[in-house]
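Q: Hey, dropping entry.cif in here, mmCIF, C-alpha atoms and all ligand atoms:
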data_run
#
loop_
_atom_site.label_atom_id
_atom_site.label_comp_id
_atom_site.auth_asym_id
_atom_site.auth_seq_id
_atom_site.Cartn_x
_atom_site.Cartn_y
_atom_site.Cartn_z
CA MET A 1 13.40 4.22 11.35
CA VAL A 2 15.73 6.69 13.01
CA VAL A 3 15.40 10.17 11.53
CA GLU A 4 17.65 12.56 13.44
CA TYR A 5 19.93 15.56 13.09
CA ASN A 6 23.68 14.90 13.11
CA ASP A 7 26.19 17.21 14.78
CA LYS A 8 26.43 19.29 11.59
CA GLY A 9 22.70 19.99 11.96
CA GLU A 10 21.79 17.89 8.91
CA LEU A 11 18.84 15.53 8.95
CA THR A 12 19.87 11.88 8.60
CA ILE A 13 18.25 8.48 8.15
CA GLY A 14 20.28 5.60 9.52
CA GLY A 15 23.34 7.90 9.52
CA THR A 16 22.98 9.04 5.87
CA SER A 17 22.69 12.80 5.39
CA LEU A 18 19.56 13.73 3.47
CA LYS A 19 21.18 17.02 2.46
CA THR A 20 23.87 15.08 0.61
CA ILE A 21 21.20 12.95 -1.09
CA ALA A 22 19.22 16.04 -2.16
CA GLN A 23 22.35 17.79 -3.43
CA SER A 24 23.73 14.77 -5.24
CA PHE A 25 20.55 13.48 -6.85
CA GLY A 26 18.25 16.50 -7.05
CA THR A 27 14.68 16.95 -5.84
CA PRO A 28 11.93 15.92 -5.61
CA THR A 29 13.13 12.49 -4.69
CA ILE A 30 11.75 9.71 -2.52
CA VAL A 31 14.19 7.89 -0.28
CA TYR A 32 13.46 4.66 1.51
CA ASP A 33 15.27 3.16 4.43
CA GLU A 34 15.67 -0.36 3.02
CA THR A 35 16.40 -1.82 6.43
CA GLN A 36 13.13 -0.44 7.72
CA ILE A 37 11.17 -2.07 4.88
CA ARG A 38 12.84 -5.40 5.61
CA THR A 39 12.24 -4.99 9.34
CA GLN A 40 8.52 -4.51 8.81
CA MET A 41 8.33 -7.65 6.70
CA ARG A 42 10.25 -9.64 9.28
CA ARG A 43 8.06 -8.37 12.13
CA PHE A 44 4.95 -9.71 10.40
CA HIS A 45 6.70 -13.04 9.74
CA GLU A 46 7.86 -13.41 13.33
CA ALA A 47 4.48 -12.45 14.75
CA PHE A 48 2.78 -15.16 12.69
CA GLN A 49 5.47 -17.73 13.44
CA LYS A 50 4.71 -17.24 17.13
CA SER A 51 1.06 -18.10 16.53
CA GLU A 52 2.04 -21.47 15.02
CA LEU A 53 -0.76 -21.12 12.47
CA ASN A 54 -0.17 -21.75 8.79
CA TYR A 55 0.12 -18.30 7.25
CA ASN A 56 1.17 -16.33 4.25
CA ILE A 57 1.96 -12.66 3.98
CA SER A 58 1.63 -10.96 0.66
CA TYR A 59 2.77 -7.45 -0.04
CA ALA A 60 0.15 -5.26 -1.74
CA SER A 61 2.07 -3.89 -4.74
CA LYS A 62 -0.27 -0.95 -5.10
CA ALA A 63 1.38 0.78 -2.13
CA PHE A 64 4.67 1.04 -4.05
CA THR A 65 6.18 -1.20 -6.65
CA CYS A 66 9.18 -1.34 -8.96
CA LEU A 67 11.62 -4.10 -9.93
CA GLN A 68 13.86 -3.63 -6.90
CA MET A 69 10.91 -3.53 -4.52
CA VAL A 70 9.63 -6.81 -5.93
CA LYS A 71 13.10 -8.35 -5.46
CA LEU A 72 13.10 -7.24 -1.86
CA VAL A 73 9.68 -8.82 -1.32
CA GLU A 74 11.02 -12.06 -2.74
CA GLU A 75 14.17 -11.98 -0.62
CA GLU A 76 12.07 -11.55 2.52
CA GLY A 77 9.81 -14.48 1.65
CA LEU A 78 6.56 -12.63 1.11
CA GLU A 79 4.02 -13.30 -1.60
CA LEU A 80 2.72 -10.56 -3.86
CA ASP A 81 -0.66 -9.04 -4.61
CA VAL A 82 -1.26 -7.43 -7.94
CA VAL A 83 -4.37 -5.65 -9.17
CA SER A 84 -3.61 -4.93 -12.79
CA GLU A 85 -1.81 -6.08 -15.88
CA GLY A 86 0.87 -3.49 -15.09
CA GLU A 87 1.51 -4.72 -11.56
CA LEU A 88 1.64 -8.32 -12.79
CA TYR A 89 4.02 -7.33 -15.57
CA THR A 90 6.30 -5.55 -13.06
CA ALA A 91 6.32 -8.58 -10.76
CA LEU A 92 7.12 -11.02 -13.57
CA ALA A 93 9.73 -8.69 -15.06
CA ALA A 94 11.49 -8.75 -11.69
CA GLY A 95 11.56 -12.56 -11.88
CA PHE A 96 8.99 -13.10 -9.12
CA ASP A 97 7.61 -16.65 -8.98
CA ALA A 98 4.10 -16.46 -10.46
CA GLN A 99 2.95 -19.21 -8.09
CA HIS A 100 3.25 -16.67 -5.28
CA ILE A 101 1.30 -13.94 -7.01
CA HIS A 102 -2.39 -13.26 -6.33
CA PHE A 103 -4.43 -11.37 -8.88
CA HIS A 104 -7.05 -8.93 -7.55
CA GLY A 105 -9.43 -6.41 -9.07
CA ASN A 106 -13.14 -5.63 -9.22
CA ASN A 107 -13.17 -5.36 -13.01
CA LYS A 108 -10.45 -7.51 -14.47
CA THR A 109 -10.37 -7.16 -18.21
CA LYS A 110 -10.41 -10.14 -20.54
CA ARG A 111 -6.75 -9.43 -21.28
CA GLU A 112 -5.88 -9.37 -17.58
CA ILE A 113 -7.64 -12.65 -16.90
CA GLN A 114 -5.88 -14.27 -19.83
CA TYR A 115 -2.52 -12.84 -18.75
CA ALA A 116 -3.03 -14.09 -15.17
CA LEU A 117 -3.98 -17.56 -16.46
CA LYS A 118 -1.11 -17.72 -18.93
CA SER A 119 1.35 -16.66 -16.24
CA LYS A 120 -0.05 -19.32 -13.89
CA VAL A 121 -0.48 -17.01 -10.91
CA GLY A 122 -1.02 -18.72 -7.56
CA TYR A 123 -4.66 -17.71 -7.43
CA ILE A 124 -7.14 -15.22 -8.81
CA VAL A 125 -9.32 -13.36 -6.34
CA ILE A 126 -12.85 -13.39 -7.70
CA ASP A 127 -14.72 -10.17 -7.17
CA SER A 128 -18.01 -10.73 -9.00
CA LEU A 129 -20.31 -13.50 -10.20
CA GLU A 130 -19.61 -12.65 -13.83
CA GLU A 131 -15.93 -13.20 -13.36
CA ILE A 132 -16.52 -16.84 -12.42
CA ASP A 133 -17.88 -17.54 -15.91
CA LEU A 134 -15.13 -15.52 -17.56
CA ILE A 135 -12.28 -17.30 -15.79
CA ASN A 136 -13.86 -20.70 -16.37
CA ARG A 137 -14.26 -19.86 -20.05
CA TYR A 138 -10.66 -18.71 -20.59
CA ALA A 139 -8.95 -21.34 -18.42
CA SER A 140 -7.51 -24.36 -20.15
CA GLU A 141 -6.61 -26.18 -16.94
CA GLU A 142 -7.59 -26.10 -13.27
CA VAL A 143 -7.13 -22.71 -11.66
CA ASN A 144 -7.17 -21.77 -7.99
CA VAL A 145 -9.59 -19.04 -7.07
CA VAL A 146 -10.35 -17.19 -3.87
CA LEU A 147 -13.72 -15.48 -3.37
CA ARG A 148 -13.60 -11.92 -2.18
CA LEU A 149 -16.43 -11.50 0.30
CA ASN A 150 -18.14 -8.31 1.21
CA PRO A 151 -18.75 -8.78 4.90
CA GLY A 152 -20.75 -5.56 5.39
CA VAL A 153 -18.44 -4.33 8.14
CA GLU A 154 -17.60 -0.64 8.37
CA ALA A 155 -14.09 0.08 9.55
CA HIS A 156 -13.29 3.43 11.12
CA THR A 157 -11.21 5.16 8.50
CA HIS A 158 -11.58 7.74 5.74
CA GLU A 159 -14.70 7.02 3.69
CA PHE A 160 -12.75 6.77 0.42
CA ILE A 161 -10.45 4.07 1.71
CA GLN A 162 -13.17 2.02 3.36
CA THR A 163 -13.87 -1.07 1.34
CA GLY A 164 -15.76 -3.56 3.48
CA GLN A 165 -19.07 -1.71 3.89
CA GLU A 166 -22.23 -3.02 2.23
CA ASP A 167 -22.53 -0.41 -0.49
CA SER A 168 -19.20 -1.07 -2.17
CA LYS A 169 -17.96 -2.06 -5.60
CA PHE A 170 -15.75 -4.71 -3.98
CA GLY A 171 -16.52 -8.30 -3.16
CA LEU A 172 -19.57 -10.51 -3.00
CA SER A 173 -22.04 -9.56 -0.31
CA ILE A 174 -22.64 -12.19 2.36
CA LYS A 175 -25.81 -10.52 3.57
CA HIS A 176 -27.36 -10.17 0.15
CA GLY A 177 -26.68 -13.72 -0.94
CA LEU A 178 -24.04 -13.03 -3.59
CA ALA A 179 -21.31 -14.81 -1.65
CA ILE A 180 -23.16 -18.11 -1.34
CA GLU A 181 -24.20 -17.90 -4.97
CA GLY A 182 -20.52 -17.37 -5.79
CA VAL A 183 -19.50 -20.50 -3.90
CA LYS A 184 -22.09 -22.60 -5.77
CA LYS A 185 -21.08 -21.15 -9.10
CA VAL A 186 -17.38 -21.84 -8.47
CA LYS A 187 -18.18 -25.42 -7.44
CA ASP A 188 -20.18 -25.90 -10.64
CA ALA A 189 -17.46 -24.38 -12.81
CA LYS A 190 -15.41 -27.19 -14.32
CA ARG A 191 -11.97 -25.64 -14.16
CA LEU A 192 -12.17 -23.63 -10.93
CA ASN A 193 -10.90 -24.80 -7.56
CA LEU A 194 -12.21 -22.86 -4.58
CA LYS A 195 -9.03 -22.38 -2.57
CA GLY A 196 -10.33 -19.86 -0.10
CA VAL A 197 -12.11 -16.69 0.83
CA HIS A 198 -10.87 -13.15 1.18
CA PHE A 199 -12.02 -9.90 2.69
CA HIS A 200 -10.48 -6.47 3.21
CA VAL A 201 -12.17 -4.13 5.63
CA GLY A 202 -10.33 -0.93 4.78
CA SER A 203 -7.08 0.95 5.09
CA GLN A 204 -5.18 2.82 7.82
CA ILE A 205 -7.02 0.87 10.53
CA GLU A 206 -5.45 1.23 13.96
CA GLY A 207 -7.00 -1.59 15.94
CA THR A 208 -7.78 -5.26 15.48
CA GLU A 209 -11.51 -5.10 16.16
CA ALA A 210 -12.78 -4.80 12.57
CA MET A 211 -10.57 -7.66 11.39
CA ILE A 212 -11.54 -9.93 14.28
CA GLU A 213 -15.27 -9.16 14.00
CA THR A 214 -15.17 -9.83 10.28
CA THR A 215 -13.25 -13.08 10.70
CA LYS A 216 -15.88 -14.24 13.18
CA LEU A 217 -18.69 -13.43 10.80
CA VAL A 218 -16.92 -15.17 7.92
CA VAL A 219 -16.07 -18.32 9.89
CA GLN A 220 -19.68 -18.60 11.11
CA TRP A 221 -20.88 -18.20 7.55
CA LEU A 222 -18.46 -20.88 6.30
CA LYS A 223 -19.59 -23.27 9.03
CA GLU A 224 -23.30 -22.62 8.52
CA ASN A 225 -22.99 -23.26 4.83
CA ASP A 226 -20.66 -26.21 5.22
CA ILE A 227 -17.96 -24.66 3.02
CA GLN A 228 -14.49 -26.18 3.29
CA ILE A 229 -11.55 -24.05 2.26
CA GLU A 230 -7.75 -23.97 2.61
CA LEU A 231 -7.28 -20.23 3.09
CA ILE A 232 -8.84 -17.18 4.70
CA ASN A 233 -7.19 -13.97 3.60
CA LEU A 234 -7.85 -11.07 5.96
CA GLY A 235 -6.58 -8.39 3.56
CA GLY A 236 -4.40 -5.44 4.55
CA GLY A 237 -5.10 -2.09 6.09
CA PHE A 238 -2.71 -1.91 9.08
CA SER A 239 -2.17 1.70 10.12
CA ILE A 240 1.01 3.75 10.15
CA LYS A 241 2.06 6.94 11.89
CA TYR A 242 1.92 10.03 9.71
CA VAL A 243 1.89 12.66 12.47
CA GLU A 244 2.07 12.82 16.26
CA GLY A 245 -1.04 11.17 17.69
CA ASP A 246 -1.36 8.55 14.94
CA VAL A 247 -0.83 4.95 15.93
CA SER A 248 1.37 2.56 13.96
CA PHE A 249 -0.35 -0.80 14.04
CA PRO A 250 1.44 -2.71 16.82
CA ILE A 251 2.50 -5.65 14.67
CA GLU A 252 3.61 -8.08 17.41
CA ASP A 253 0.70 -7.51 19.80
CA GLY A 254 -1.83 -6.92 17.02
CA ILE A 255 -1.06 -10.11 15.11
CA ALA A 256 -0.99 -12.02 18.41
CA GLU A 257 -4.47 -10.68 19.22
CA ILE A 258 -5.80 -11.55 15.78
CA THR A 259 -4.34 -15.04 15.69
CA GLU A 260 -5.48 -15.84 19.24
CA ALA A 261 -8.96 -14.59 18.34
CA ILE A 262 -8.96 -16.81 15.26
CA LYS A 263 -8.17 -19.85 17.40
CA THR A 264 -11.08 -19.05 19.70
CA ILE A 265 -13.47 -18.28 16.85
CA ALA A 266 -12.61 -21.54 15.08
CA GLN A 267 -12.95 -23.55 18.26
CA GLU A 268 -16.32 -22.01 19.13
CA ALA A 269 -17.61 -22.56 15.62
CA ASP A 270 -16.09 -26.05 15.49
CA TYR A 271 -14.41 -25.14 12.22
CA PRO A 272 -10.83 -26.19 11.31
CA ILE A 273 -8.40 -23.26 11.09
CA PRO A 274 -7.25 -22.87 7.49
CA GLU A 275 -4.12 -21.04 6.36
CA ILE A 276 -4.36 -17.37 7.31
CA GLY A 277 -3.27 -14.75 4.78
CA ILE A 278 -2.75 -11.02 5.11
CA GLU A 279 -1.91 -8.38 2.50
CA PRO A 280 -0.19 -5.39 4.06
CA GLY A 281 0.95 -2.56 1.80
CA ARG A 282 1.13 0.74 3.68
CA SER A 283 2.52 -0.77 6.88
CA ILE A 284 5.46 -2.28 4.97
CA VAL A 285 6.65 0.80 3.10
CA GLY A 286 4.77 3.84 4.43
CA GLU A 287 6.95 5.00 7.30
CA ALA A 288 10.14 3.86 5.56
CA GLY A 289 9.78 6.51 2.83
CA ILE A 290 10.58 10.22 2.94
CA THR A 291 10.17 12.76 0.14
CA LEU A 292 12.81 15.46 -0.27
CA TYR A 293 11.90 18.80 -1.83
CA GLU A 294 13.67 22.10 -2.39
CA VAL A 295 12.05 25.29 -1.14
CA GLY A 296 11.35 27.97 -3.77
CA THR A 297 8.94 30.89 -3.48
CA ILE A 298 7.92 32.12 -0.05
CA LYS A 299 4.88 34.39 -0.04
CA ASP A 300 4.01 36.14 3.20
CA ILE A 301 0.57 37.78 2.96
CA PRO A 302 0.44 40.11 5.97
CA ASN A 303 -2.19 39.08 8.52
CA VAL A 304 -3.44 36.35 6.17
CA ASN A 305 -1.04 33.46 5.64
CA LYS A 306 2.48 32.53 4.70
CA TYR A 307 2.95 30.13 1.79
CA VAL A 308 6.16 28.17 1.48
CA SER A 309 6.26 26.43 -1.92
CA ILE A 310 8.31 23.40 -2.87
CA ASP A 311 9.43 21.99 -6.22
CA GLY A 312 6.83 19.19 -6.38
CA GLY A 313 3.19 19.01 -5.47
CA MET A 314 0.02 17.02 -6.05
CA SER A 315 1.73 15.20 -8.94
CA ASP A 316 3.90 13.34 -6.41
CA HIS A 317 1.87 14.03 -3.26
CA ILE A 318 -1.87 13.64 -3.88
CA ARG A 319 -2.96 12.33 -0.49
CA THR A 320 -3.42 15.74 1.18
CA SER A 321 -5.77 17.04 -1.49
CA LEU A 322 -7.48 13.68 -1.98
CA TYR A 323 -7.96 12.51 1.61
CA ASP A 324 -7.12 15.56 3.68
CA ALA A 325 -4.19 13.48 4.95
CA LYS A 326 -1.79 15.00 7.49
CA TYR A 327 2.00 15.05 7.30
CA GLU A 328 5.03 16.37 9.12
CA ALA A 329 7.81 18.36 7.43
CA LEU A 330 11.38 18.72 8.69
CA LEU A 331 14.05 21.14 7.55
CA VAL A 332 16.86 19.02 6.16
CA ASN A 333 19.93 21.24 6.05
CA ARG A 334 19.71 23.04 9.43
CA ASN A 335 18.43 22.11 12.83
CA ASP A 336 16.50 25.30 13.63
CA PRO A 337 13.56 25.38 16.03
CA LYS A 338 10.08 25.03 14.55
CA ASP A 339 8.63 28.38 15.56
CA GLU A 340 6.13 29.19 12.84
CA THR A 341 2.96 27.80 11.25
CA VAL A 342 2.82 28.13 7.45
CA THR A 343 1.04 26.54 4.53
CA LEU A 344 3.36 24.24 2.66
CA ALA A 345 2.25 24.32 -0.96
CA GLY A 346 3.13 22.54 -4.16
CA LYS A 347 3.94 24.21 -7.47
CA LEU A 348 1.02 22.95 -9.54
CA CYS A 349 -1.70 25.17 -10.94
CA GLU A 350 -4.40 24.42 -8.38
CA SER A 351 -5.22 26.21 -5.15
CA GLY A 352 -5.83 22.78 -3.67
CA ASP A 353 -2.23 21.73 -4.34
CA ILE A 354 -1.24 21.75 -0.69
CA ILE A 355 1.24 19.42 1.01
CA ILE A 356 0.58 20.49 4.61
CA LYS A 357 -2.09 23.03 5.54
CA ASP A 358 -0.67 24.04 8.92
CA ALA A 359 2.98 23.07 8.74
CA GLN A 360 5.18 23.74 11.75
CA LEU A 361 8.49 24.95 10.36
CA PRO A 362 11.39 27.15 11.43
CA SER A 363 10.82 30.82 10.49
CA THR A 364 14.34 30.75 9.01
CA VAL A 365 13.24 28.52 6.09
CA LYS A 366 14.31 30.17 2.84
CA ARG A 367 14.68 29.54 -0.89
CA GLY A 368 17.18 26.77 -1.57
CA ASP A 369 16.56 24.93 1.71
CA TYR A 370 15.56 21.27 1.58
CA LEU A 371 12.52 19.86 3.32
CA ALA A 372 11.70 16.24 4.15
CA ILE A 373 8.10 15.06 4.33
CA LEU A 374 7.87 12.00 6.53
CA SER A 375 5.86 8.80 5.97
CA THR A 376 5.49 9.16 2.22
CA GLY A 377 6.51 5.62 1.31
CA ALA A 378 3.03 4.28 0.54
CA TYR A 379 0.61 5.55 -2.10
CA HIS A 380 2.88 8.41 -3.10
CA TYR A 381 5.06 7.25 -5.96
CA SER A 382 2.36 4.75 -6.93
CA MET A 383 -0.25 7.51 -7.12
CA ALA A 384 2.04 10.01 -8.86
CA SER A 385 0.86 11.58 -12.09
CA ASN A 386 2.19 13.78 -14.85
CA TYR A 387 -0.32 16.56 -14.21
CA ASN A 388 1.10 19.85 -15.48
CA GLN A 389 3.61 17.63 -17.32
CA MET A 390 5.48 17.21 -14.05
CA GLN A 391 8.10 14.48 -14.15
CA LYS A 392 7.73 11.63 -11.69
CA PRO A 393 10.47 11.79 -9.04
CA SER A 394 13.44 9.50 -8.62
CA VAL A 395 13.46 6.87 -5.89
CA PHE A 396 16.41 5.63 -3.82
CA PHE A 397 16.87 2.81 -1.34
CA LEU A 398 19.29 3.68 1.47
CA LYS A 399 21.21 0.93 3.21
CA ASP A 400 24.43 0.90 5.25
CA GLY A 401 25.12 4.52 4.39
CA LYS A 402 24.78 3.91 0.64
CA ALA A 403 22.04 5.12 -1.69
CA ARG A 404 21.03 3.01 -4.68
CA GLU A 405 18.73 4.37 -7.30
CA VAL A 406 15.74 2.10 -7.84
CA ILE A 407 13.70 4.38 -10.11
CA LYS A 408 15.22 7.12 -12.23
CA ARG A 409 13.61 10.52 -12.42
CA GLN A 410 11.35 10.67 -15.46
CA SER A 411 12.98 12.60 -18.27
CA LEU A 412 11.35 15.36 -20.31
CA ARG A 413 11.69 13.11 -23.34
CA GLN A 414 9.64 10.42 -21.57
CA LEU A 415 6.81 12.91 -21.14
CA ILE A 416 6.24 12.97 -24.90
CA ILE A 417 7.42 9.48 -25.80
CA ASN A 418 3.90 8.28 -26.62
CA ASP A 419 2.81 11.40 -28.45
CA THR A 420 2.54 11.11 -32.20
CA LYS A 421 4.25 13.74 -34.32
N1 LIG B 501 -5.61 -5.82 -0.04
C1 LIG B 501 -6.63 -5.27 -0.71
C2 LIG B 501 -7.64 -6.12 -1.31
C3 LIG B 501 -6.71 -3.87 -0.83
O1 LIG B 501 -7.73 -3.34 -1.46
C4 LIG B 501 -5.70 -3.07 -0.26
C5 LIG B 501 -5.75 -1.61 -0.39
C6 LIG B 501 -4.64 -3.70 0.43
C7 LIG B 501 -4.63 -5.08 0.52
C8 LIG B 501 -3.52 -2.94 1.06
O2 LIG B 501 -3.96 -2.08 2.04
P1 LIG B 501 -2.89 -1.33 2.99
O3 LIG B 501 -2.26 -2.35 3.87
O4 LIG B 501 -1.89 -0.66 2.10
O5 LIG B 501 -3.71 -0.32 3.72
N2 LIG B 501 -4.76 5.16 -1.92
C9 LIG B 501 -5.23 4.99 -0.56
C10 LIG B 501 -5.22 3.56 -0.15
C11 LIG B 501 -6.08 2.67 -0.99
C12 LIG B 501 -5.96 1.24 -0.57
C13 LIG B 501 -6.77 0.35 -1.41
N3 LIG B 501 -6.63 -1.03 -1.08
C14 LIG B 501 -4.36 5.84 0.36
O6 LIG B 501 -3.46 6.51 -0.13
O7 LIG B 501 -4.58 5.87 1.57
#
What is this file in structure tokens?

A:
Amino acid sequence: MVVEYNDKGELTIGGTSLKTIAQSFGTPTIVYDETQIRTQMRRFHEAFQKSELNYNISYASKAFTCLQMVKLVEEEGLELDVVSEGELYTALAAGFDAQHIHFHGNNKTKREIQYALKSKVGYIVIDSLEEIDLINRYASEEVNVVLRLNPGVEAHTHEFIQTGQEDSKFGLSIKHGLAIEGVKKVKDAKRLNLKGVHFHVGSQIEGTEAMIETTKLVVQWLKENDIQIELINLGGGFSIKYVEGDVSFPIEDGIAEITEAIKTIAQEADYPIPEIGIEPGRSIVGEAGITLYEVGTIKDIPNVNKYVSIDGGMSDHIRTSLYDAKYEALLVNRNDPKDETVTLAGKLCESGDIIIKDAQLPSTVKRGDYLAILSTGAYHYSMASNYNQMQKPSVFFLKDGKAREVIKRQSLRQLIINDTK
């Protein structure tokens, strides 16, 4: 995505002035470069097509979902992962073909299982032994299931977004025998068809090593136990660039490495290569999204720190306080040099409500200016809350110089809509 200043000194994405967007639609607001989202999806497709393996790419809704996002996923020929009744509802409300939806979750409720079955989703990803009995009990016809394995592999990422390590609430442990027990149980269950296996080693992973190592372990395990399946889903977790020094997962080379490795692994294990699935979320939408804020109070504490506060905060940007995540801010309405380090803070009643601890900004930044925080397309809107009764921001898709609203800003009225009088 090209983010650059135009000759009026205004920050632009794909030629659209972000100052105009902020002025016309208010702040905070999240804007996506729609072309960039589509490009990411196409890059994954093309990389897999080159491998000549059977593949499917499903977008992990949890990164960001809404009706228009689901439509875009459909237009680009991706499948869809959902992890809750709400995500399934959103997908179906957008008219997404249920056959291409996969239902995840480590503690699916009875209602969710019944909803997934009734909607005839493509497959349900089983995350525990108990769930096998539950699905078999509620199903009235054959249902495709995929077993989520816990491979016991630790990926190098933040501990809270690691999911593949042994001590985890996700998946069935290979090492501790739960996975093989799961396979037997599924085979014994009358209405369940074991379509495949799944694993997810973690999020924001820069290299291919963890995925390749895990695939090897899983293929060996399948061969040793003589388990035939149609699909191995490698999960998501491909990294994006938040700040200088971060690496965006190199989709073309990375997928080529993974698919080549799979061919070798399968050949060495003498195991037929099944369909290969992936579930990227962050790498599809993360870098394509930018959040626009307006600057308010500036507090300069002599010899201590300078706080620049914006009109949002941890209600729409939780990742800094939750994961100590790093971001870059750019002044939107002037192209002044970044000559100062400040703390960019939110407006919520918590000292920990920080957007960027050491933000490089121009010293000219003043009340009424607009700031853009880059790479806020994944796990921002979807993790937004109403803490302090803050309203969730609006969301726009930008394409060919035009902005279309895909989510309206929450109204004050909506904040109390469920309250009884
Ligand atoms: N598949 C499964 C089974 C997952 O658990 C996840 C993410 C994904 C796919 C998509 O991963 P992605 O490609 O987006 O990294 N809130 C955290 C991220 C939690 C991710 C949980 N699972 C964050 O803001 O970094």

Q: Of the residues A:Phe249, A:Tyr307, A:Tyr323, A:Tyr32, which is the one nearest to ligand LIG 501 (chain B), using all atoms listed in the file?

A: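 Among the listed residues, A:Tyr323 lies closest to ligand LIG 501 (chain B).
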
Q: Please return as number ranges by chain the residues found within 8 Å of ligand LIG 501 (chain B), counting only C-alpha atoms and all ligand atoms.

A: A: 59-60, 62-63, 81, 104-105, 160-161, 163, 199-200, 202-205, 235-239, 278-284, 319, 323, 378-380, 383

Q: Kindly save the residues from that selection, with C-alpha atoms included, as a PDB file, in the coordinates of the input.

A:
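Generated file (part_11.pdb):
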ATOM      1  CA  TYR A  59       2.770  -7.450  -0.040  1.00  0.00           C
ATOM      2  CA  ALA A  60       0.150  -5.260  -1.740  1.00  0.00           C
ATOM      3  CA  LYS A  62      -0.270  -0.950  -5.100  1.00  0.00           C
ATOM      4  CA  ALA A  63       1.380   0.780  -2.130  1.00  0.00           C
ATOM      5  CA  ASP A  81      -0.660  -9.040  -4.610  1.00  0.00           C
ATOM      6  CA  HIS A 104      -7.050  -8.930  -7.550  1.00  0.00           C
ATOM      7  CA  GLY A 105      -9.430  -6.410  -9.070  1.00  0.00           C
ATOM      8  CA  PHE A 160     -12.750   6.770   0.420  1.00  0.00           C
ATOM      9  CA  ILE A 161     -10.450   4.070   1.710  1.00  0.00           C
ATOM     10  CA  THR A 163     -13.870  -1.070   1.340  1.00  0.00           C
ATOM     11  CA  PHE A 199     -12.020  -9.900   2.690  1.00  0.00           C
ATOM     12  CA  HIS A 200     -10.480  -6.470   3.210  1.00  0.00           C
ATOM     13  CA  GLY A 202     -10.330  -0.930   4.780  1.00  0.00           C
ATOM     14  CA  SER A 203      -7.080   0.950   5.090  1.00  0.00           C
ATOM     15  CA  GLN A 204      -5.180   2.820   7.820  1.00  0.00           C
ATOM     16  CA  ILE A 205      -7.020   0.870  10.530  1.00  0.00           C
ATOM     17  CA  GLY A 235      -6.580  -8.390   3.560  1.00  0.00           C
ATOM     18  CA  GLY A 236      -4.400  -5.440   4.550  1.00  0.00           C
ATOM     19  CA  GLY A 237      -5.100  -2.090   6.090  1.00  0.00           C
ATOM     20  CA  PHE A 238      -2.710  -1.910   9.080  1.00  0.00           C
ATOM     21  CA  SER A 239      -2.170   1.700  10.120  1.00  0.00           C
ATOM     22  CA  ILE A 278      -2.750 -11.020   5.110  1.00  0.00           C
ATOM     23  CA  GLU A 279      -1.910  -8.380   2.500  1.00  0.00           C
ATOM     24  CA  PRO A 280      -0.190  -5.390   4.060  1.00  0.00           C
ATOM     25  CA  GLY A 281       0.950  -2.560   1.800  1.00  0.00           C
ATOM     26  CA  ARG A 282       1.130   0.740   3.680  1.00  0.00           C
ATOM     27  CA  SER A 283       2.520  -0.770   6.880  1.00  0.00           C
ATOM     28  CA  ILE A 284       5.460  -2.280   4.970  1.00  0.00           C
ATOM     29  CA  ARG A 319      -2.960  12.330  -0.490  1.00  0.00           C
ATOM     30  CA  TYR A 323      -7.960  12.510   1.610  1.00  0.00           C
ATOM     31  CA  ALA A 378       3.030   4.280   0.540  1.00  0.00           C
ATOM     32  CA  TYR A 379       0.610   5.550  -2.100  1.00  0.00           C
ATOM     33  CA  HIS A 380       2.880   8.410  -3.100  1.00  0.00           C
ATOM     34  CA  MET A 383      -0.250   7.510  -7.120  1.00  0.00           C
TER      35      MET A 383
END

Q: Which residues are near Phe44 in chain A? Cut-off 9 Å, all atoms listed in the file, ignore same chain within fewer than 5 positions. Put them as a ChimeraX atom specification.

A: /A:39,49,57,251-252,255

Q: For a quick check of understanding, using all atoms listed in the file, which of A:Leu53, A:Leu134, A:Leu412, A:Ala47 has the smallest distance to Pro250 in chain A?

A: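 Smallest distance to Pro250 in chain A is found for A:Ala47.
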
Q: Taking 3 positions as the minimum chain separation for residues in the same chain, which residues sit within 10 Å of Gly152 in chain A when counting all atoms listed in the file? Answer as a list in words.

A: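 Using all atoms listed in the file, the neighbours found are Leu149, Ala155, Thr163, Gly164, Gln165, Glu166, Asp167, Ser168, Gly171, Leu172, Ser173, Ile174, Lys175, His176, Val201, Thr214 and Leu217 of chain A.
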
Q: Find the residues near range 359-375 of chain A: any atom within 8 Å, counting only C-alpha atoms, skip ones fewer than 2 places away on the same chain, and give them as an NGL selection string.

A: :A and (19 or 22 or 241-242 or 286-298 or 327-333 or 336-344 or 356-357 or 377-378)

Q: Expressed in Å to a single decimal, how great is the separation between CA of Gly14 in chain A and CA of Pro393 in chain A?

A: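 About the pair CA of Gly14 in chain A and CA of Pro393 in chain A: they are 21.9 Å apart.
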